[in-house]
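For reference, the structure is listed below as structure tokens.
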Amino acid sequence: MKTTTIPFRINTEPHDASRQDIINFYDEATEDYSFWSRDLNMHFGYFDFFKTNLFRRDTMLNEMNEQIYQRLQLKNEPTLVADLGCGMGGTMRYFLNKNEQLTMMGVTLSPFQVREGNKLLARKKGLILQENYCETSLASETMDGVIGIESLCHSGHSKESLREGYRLLKTGGKMVIGDAFLKKSPSQLCFGSKHSYQRLCTGWSLDGLGVIDEVKQRLLDIGFQEVLIEDVSFKTAPSVLHVPFAIGGFLLKNILQGKPIKPQSWNNLKASFFALLCGLHMKDFGYYIITATK
Ligand SMILES: C[S@@+](CC[C@H](N)C(=O)[O-])C[C@H]1O[C@@H](n2cnc3c(N)ncnc32)[C@H](O)[C@@H]1O
């Protein structure tokens, strides 16, 4: 029988993204996201037939913000929420525009995002700090809610990042996470998934995606009372399908303007493409919203 040799090695070990990798990536590639979202949402969207428009990506990206906001169940009084891995503060601005009683703190590793994100937050009750979300300087038990949208994957949804969310929350407060997760351990992925997963992690400087059942257990072990896991893969799929068009449009614009594509932009484009491929392997990957109550 003829055997096929795989022409390259697939590493299923989690990619070890250093903090400097993440900083380099976001300092250089954040501007590209203005092509993905006018509101600078650096995440996928949530499709709702009655509230969003399939052809207007930002309606879906902002609906993801709305879905996360609703799950925080904030009281009608002055409240404080932390965004762990806040990017350009797109979600912070969405929340602050909705709720005048809210104050928000965001943390990111990228100095570019701190500088430019804080400019966009001027005159709003929000501030972005350059800090590691696994060990912030924010005081314990001060937050009414904590969120992390497509940010905790940079640390592989690690115990340290989840424990920091728990430490910041007041009793009864909720930590809401929106992100892609593995449905099984990396070693059990099929060939196509393994390859796409590895390229995704390298391109976006991710330590790796958490395995959903293990992350649930991790949250319970940390001390969260209740952990609700919702598979929203079909709701995010329409915005994931925007990826090839966004990549094509971005490349075309740069070519027409004679602009070279920066190395981190290439990483971003390649990882976006592999995110789409991962999304197609629905037995191995899913997009979930987790609501954990302290
Ligand atoms: C894909 S962006 C998502 C940004 C934002 N949550 C949104 O949805 O628009 C990931 C963010 O996580 C941040 N990040 C990654 N690792 C981090 C860490 N260890 N500490 C703080 N921020 C981190 C990055 O700097 C970036 O802002």
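Naming works like this for the structure tokens: A, B, ... for the chains as they're shown, residue 1 at the start of each chain, ligands 1 onward in shown order.
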Please identify every polymer residue within 7 Å of ligand 1, using only C-alpha atoms and all ligand atoms, and present the set as a compact mmCIF listing (two decimals) with N, CA and C atoms, in the first residue's frame.
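Output below, filename pocket_27.txt:
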# COMPACT_ATOMS: atom_id res chain seq x y z
N ARG A 19 5.08 37.78 25.74
CA ARG A 19 4.38 39.06 25.83
C ARG A 19 4.89 40.00 24.74
N ILE A 22 3.14 39.44 21.51
CA ILE A 22 1.78 40.01 21.51
C ILE A 22 1.85 41.53 21.32
N ILE A 23 2.80 42.15 22.01
CA ILE A 23 2.95 43.61 21.89
C ILE A 23 3.32 43.98 20.46
N TYR A 26 0.21 43.56 18.15
CA TYR A 26 -0.86 44.57 18.24
C TYR A 26 -0.36 45.98 17.97
N LEU A 40 -13.83 49.75 15.60
CA LEU A 40 -12.61 49.12 16.13
C LEU A 40 -12.92 47.99 17.11
N ASN A 41 -13.93 47.21 16.78
CA ASN A 41 -14.19 45.97 17.51
C ASN A 41 -13.21 44.93 16.96
N MET A 42 -12.43 44.34 17.84
CA MET A 42 -11.42 43.38 17.37
C MET A 42 -11.88 41.95 17.68
N HIS A 43 -13.14 41.68 17.31
CA HIS A 43 -13.68 40.34 17.58
C HIS A 43 -14.67 39.97 16.48
N LEU A 84 -10.68 42.70 30.35
CA LEU A 84 -9.34 42.08 30.33
C LEU A 84 -8.93 41.80 28.89
N GLY A 85 -8.01 42.60 28.37
CA GLY A 85 -7.60 42.48 26.96
C GLY A 85 -8.56 43.28 26.11
N CYS A 86 -8.54 44.60 26.31
CA CYS A 86 -9.62 45.46 25.79
C CYS A 86 -9.38 45.97 24.38
N GLY A 87 -8.23 45.70 23.79
CA GLY A 87 -7.98 46.20 22.43
C GLY A 87 -8.04 47.71 22.38
N MET A 88 -8.77 48.23 21.39
CA MET A 88 -8.89 49.68 21.23
C MET A 88 -10.06 50.24 22.04
N GLY A 89 -10.61 49.41 22.90
CA GLY A 89 -11.70 49.88 23.76
C GLY A 89 -13.04 49.93 23.03
N GLY A 90 -13.19 49.20 21.95
CA GLY A 90 -14.46 49.20 21.19
C GLY A 90 -15.62 48.75 22.07
N THR A 91 -15.41 47.70 22.83
CA THR A 91 -16.47 47.19 23.72
C THR A 91 -16.71 48.18 24.86
N VAL A 107 -7.54 46.71 30.27
CA VAL A 107 -6.09 46.48 30.26
C VAL A 107 -5.71 45.80 28.94
N THR A 108 -4.54 46.18 28.47
CA THR A 108 -3.98 45.59 27.25
C THR A 108 -2.47 45.62 27.39
N LEU A 109 -1.80 44.77 26.61
CA LEU A 109 -0.33 44.79 26.65
C LEU A 109 0.24 45.84 25.68
N SER A 110 -0.58 46.29 24.75
CA SER A 110 -0.05 47.10 23.65
C SER A 110 -0.04 48.60 23.97
N GLN A 113 -2.34 50.59 21.71
CA GLN A 113 -3.76 50.56 22.05
C GLN A 113 -4.06 51.45 23.26
N GLU A 131 -1.25 46.81 31.12
CA GLU A 131 -1.00 45.82 32.18
C GLU A 131 -1.29 44.43 31.67
N ASN A 132 -0.74 43.45 32.36
CA ASN A 132 -0.99 42.05 32.06
C ASN A 132 -2.26 41.61 32.78
N TYR A 133 -3.20 41.05 32.03
CA TYR A 133 -4.47 40.69 32.67
C TYR A 133 -4.36 39.51 33.63
N CYS A 134 -3.21 38.88 33.70
CA CYS A 134 -3.04 37.79 34.68
C CYS A 134 -2.65 38.34 36.05
N GLY A 148 -13.96 39.44 28.95
CA GLY A 148 -12.78 39.13 28.13
C GLY A 148 -13.27 38.61 26.79
N ILE A 149 -13.17 39.44 25.75
CA ILE A 149 -13.64 39.00 24.43
C ILE A 149 -12.42 38.73 23.55
N GLU A 150 -12.26 37.49 23.16
CA GLU A 150 -11.17 37.05 22.28
C GLU A 150 -9.80 37.58 22.73
N SER A 151 -9.61 37.60 24.01
CA SER A 151 -8.34 38.10 24.55
C SER A 151 -7.66 37.05 25.43
N LEU A 152 -8.44 36.28 26.17
CA LEU A 152 -7.84 35.31 27.11
C LEU A 152 -7.22 34.14 26.36
N HIS A 154 -5.01 34.47 24.26
CA HIS A 154 -3.57 34.74 24.18
C HIS A 154 -2.82 34.03 25.30
N SER A 155 -3.50 33.73 26.39
CA SER A 155 -2.84 33.00 27.48
C SER A 155 -3.41 31.58 27.58
Hey, which bits of region 149-206 of chain A sit within 10 Å of region 231-241 of chain A, and for each residue what's the closest pair of atoms and how far apart in Å (one decimal), counting only C-alpha atoms, rows by chain and increasing number, as a tab-separated table?
residue	atom	partner	partner_atom	distance
A:Gly178	CA	A:Val232	CA	9.2
A:Asp179	CA	A:Val232	CA	9.7
A:Ala180	CA	A:Ser233	CA	8.5
A:Phe181	CA	A:Asp231	CA	9.8
Using only N, CA and C atoms, please write the residues we just selected to a file, as a compact mmCIF listing (two decimals), in the first residue's frame.
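Dumped everything to selection_36.txt:
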# COMPACT_ATOMS: atom_id res chain seq x y z
N GLY A 178 -16.22 35.78 25.79
CA GLY A 178 -16.65 35.38 24.44
C GLY A 178 -15.41 34.99 23.67
N ASP A 179 -15.35 33.76 23.19
CA ASP A 179 -14.11 33.35 22.52
C ASP A 179 -14.30 32.01 21.82
N ALA A 180 -13.30 31.66 21.01
CA ALA A 180 -13.26 30.33 20.39
C ALA A 180 -12.57 29.37 21.37
N PHE A 181 -13.05 28.13 21.39
CA PHE A 181 -12.47 27.10 22.26
C PHE A 181 -12.35 25.81 21.48
For a quick check of understanding, using only C-alpha atoms, which of A:Met175, A:Leu269, A:Ile222, A:Val227 has the smallest distance to Phe25 (chain A)?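 So, comparing all the options, the nearest one is A:Leu269.
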So which one's closest to Gly145 (chain A), A:Leu127, A:Leu280, A:Ile177, A:Ala246? Using only C-alpha atoms, please.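 Closest candidate: A:Ile177.
Going from CA of Leu169 (chain A) over to CA of Glu141 (chain A), you cover 4.6 Å.
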Taking only C-alpha atoms into account, which of A:Arg71, A:Lys270, A:Arg115, A:His281 comes nearest Lys184 (chain A)?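 Closest to Lys184 (chain A), using only C-alpha atoms: A:His281.
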Which residue of A:Glu135, A:Asp27, A:Asp207, A:Glu214 approaches Gly165 (chain A) most closely, using only C-alpha atoms: A:Glu135
Could you tell me which of A:Phe285, A:Tyr46, A:Trp204, A:Tyr94 comes closest to Ser265 (chain A) if we count only C-alpha atoms?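 Comparing A:Phe285, A:Tyr46, A:Trp204, A:Tyr94 against Ser265 (chain A), the winner is A:Trp204.
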Surrounding residues of Pro78 (chain A) excluding itself and chain neighbours under 6 positions, 8 Å, only C-alpha atoms, as a PyMOL selection string: chain A and resi 101-103
May I have the selected residues written with N, CA, C and O atoms, as a CSV table (one decimal), in the first residue's frame?
chain,number,residue,atom,x,y,z
A,101,GLN,N,-24.3,55.1,34.1
A,101,GLN,CA,-23.8,54.9,35.5
A,101,GLN,C,-22.6,54.1,35.6
A,101,GLN,O,-22.1,53.8,36.6
A,102,LEU,N,-22.1,53.7,34.4
A,102,LEU,CA,-21.0,52.7,34.3
A,102,LEU,C,-19.6,53.4,34.2
A,102,LEU,O,-19.5,54.4,33.5
A,103,THR,N,-18.6,52.8,34.9
A,103,THR,CA,-17.2,53.2,34.7
A,103,THR,C,-16.5,52.0,34.3
A,103,THR,O,-16.8,50.9,34.8
Using DSSP on the backbone coordinates, identify the residues of region 57-126 of chain A assigned to helix (DSSP H, G or I); present them as a PDB file with C-alpha atoms, in the first residue's frame.
ATOM      1  CA  ARG A  57     -20.405  43.574   9.724  1.00  0.00           C
ATOM      2  CA  ASP A  58     -20.332  46.162  12.492  1.00  0.00           C
ATOM      3  CA  THR A  59     -23.999  45.496  13.336  1.00  0.00           C
ATOM      4  CA  MET A  60     -22.971  41.907  14.179  1.00  0.00           C
ATOM      5  CA  LEU A  61     -19.751  42.915  15.970  1.00  0.00           C
ATOM      6  CA  ASN A  62     -21.676  45.387  18.124  1.00  0.00           C
ATOM      7  CA  GLU A  63     -24.344  42.771  18.790  1.00  0.00           C
ATOM      8  CA  MET A  64     -21.579  40.619  20.306  1.00  0.00           C
ATOM      9  CA  ASN A  65     -20.887  43.568  22.652  1.00  0.00           C
ATOM     10  CA  GLU A  66     -24.602  43.706  23.442  1.00  0.00           C
ATOM     11  CA  GLN A  67     -24.796  39.979  24.184  1.00  0.00           C
ATOM     12  CA  ILE A  68     -21.845  40.194  26.574  1.00  0.00           C
ATOM     13  CA  TYR A  69     -23.326  43.311  28.208  1.00  0.00           C
ATOM     14  CA  GLN A  70     -26.705  41.642  28.804  1.00  0.00           C
ATOM     15  CA  ARG A  71     -25.096  38.663  30.509  1.00  0.00           C
ATOM     16  CA  LEU A  72     -23.345  40.904  33.064  1.00  0.00           C
ATOM     17  CA  GLY A  90     -14.458  49.196  21.190  1.00  0.00           C
ATOM     18  CA  THR A  91     -16.472  47.192  23.716  1.00  0.00           C
ATOM     19  CA  MET A  92     -15.773  49.726  26.475  1.00  0.00           C
ATOM     20  CA  ARG A  93     -17.155  52.544  24.321  1.00  0.00           C
ATOM     21  CA  TYR A  94     -20.207  50.467  23.425  1.00  0.00           C
ATOM     22  CA  PHE A  95     -20.954  49.747  27.107  1.00  0.00           C
ATOM     23  CA  LEU A  96     -20.307  53.346  28.198  1.00  0.00           C
ATOM     24  CA  ASN A  97     -22.627  54.713  25.505  1.00  0.00           C
ATOM     25  CA  LYS A  98     -25.364  52.408  26.788  1.00  0.00           C
ATOM     26  CA  PRO A 111       1.209  50.680  24.218  1.00  0.00           C
ATOM     27  CA  PHE A 112      -0.319  51.654  20.849  1.00  0.00           C
ATOM     28  CA  GLN A 113      -3.763  50.560  22.052  1.00  0.00           C
ATOM     29  CA  VAL A 114      -3.306  52.394  25.375  1.00  0.00           C
ATOM     30  CA  ARG A 115      -2.377  55.635  23.598  1.00  0.00           C
ATOM     31  CA  GLU A 116      -4.921  55.552  20.785  1.00  0.00           C
ATOM     32  CA  GLY A 117      -7.680  53.762  22.734  1.00  0.00           C
ATOM     33  CA  ASN A 118      -7.570  56.351  25.519  1.00  0.00           C
ATOM     34  CA  LYS A 119      -7.894  59.151  22.941  1.00  0.00           C
ATOM     35  CA  LEU A 120     -11.154  57.548  21.767  1.00  0.00           C
TER      36      LEU A 120
END
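In this structure, CA of Gly192 (chain A) sits 18.5 Å away from CA of Gly210 (chain A).
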Atom pair CA of Gly126 (chain A) + CA of Met105 (chain A), distance 5.7 Å
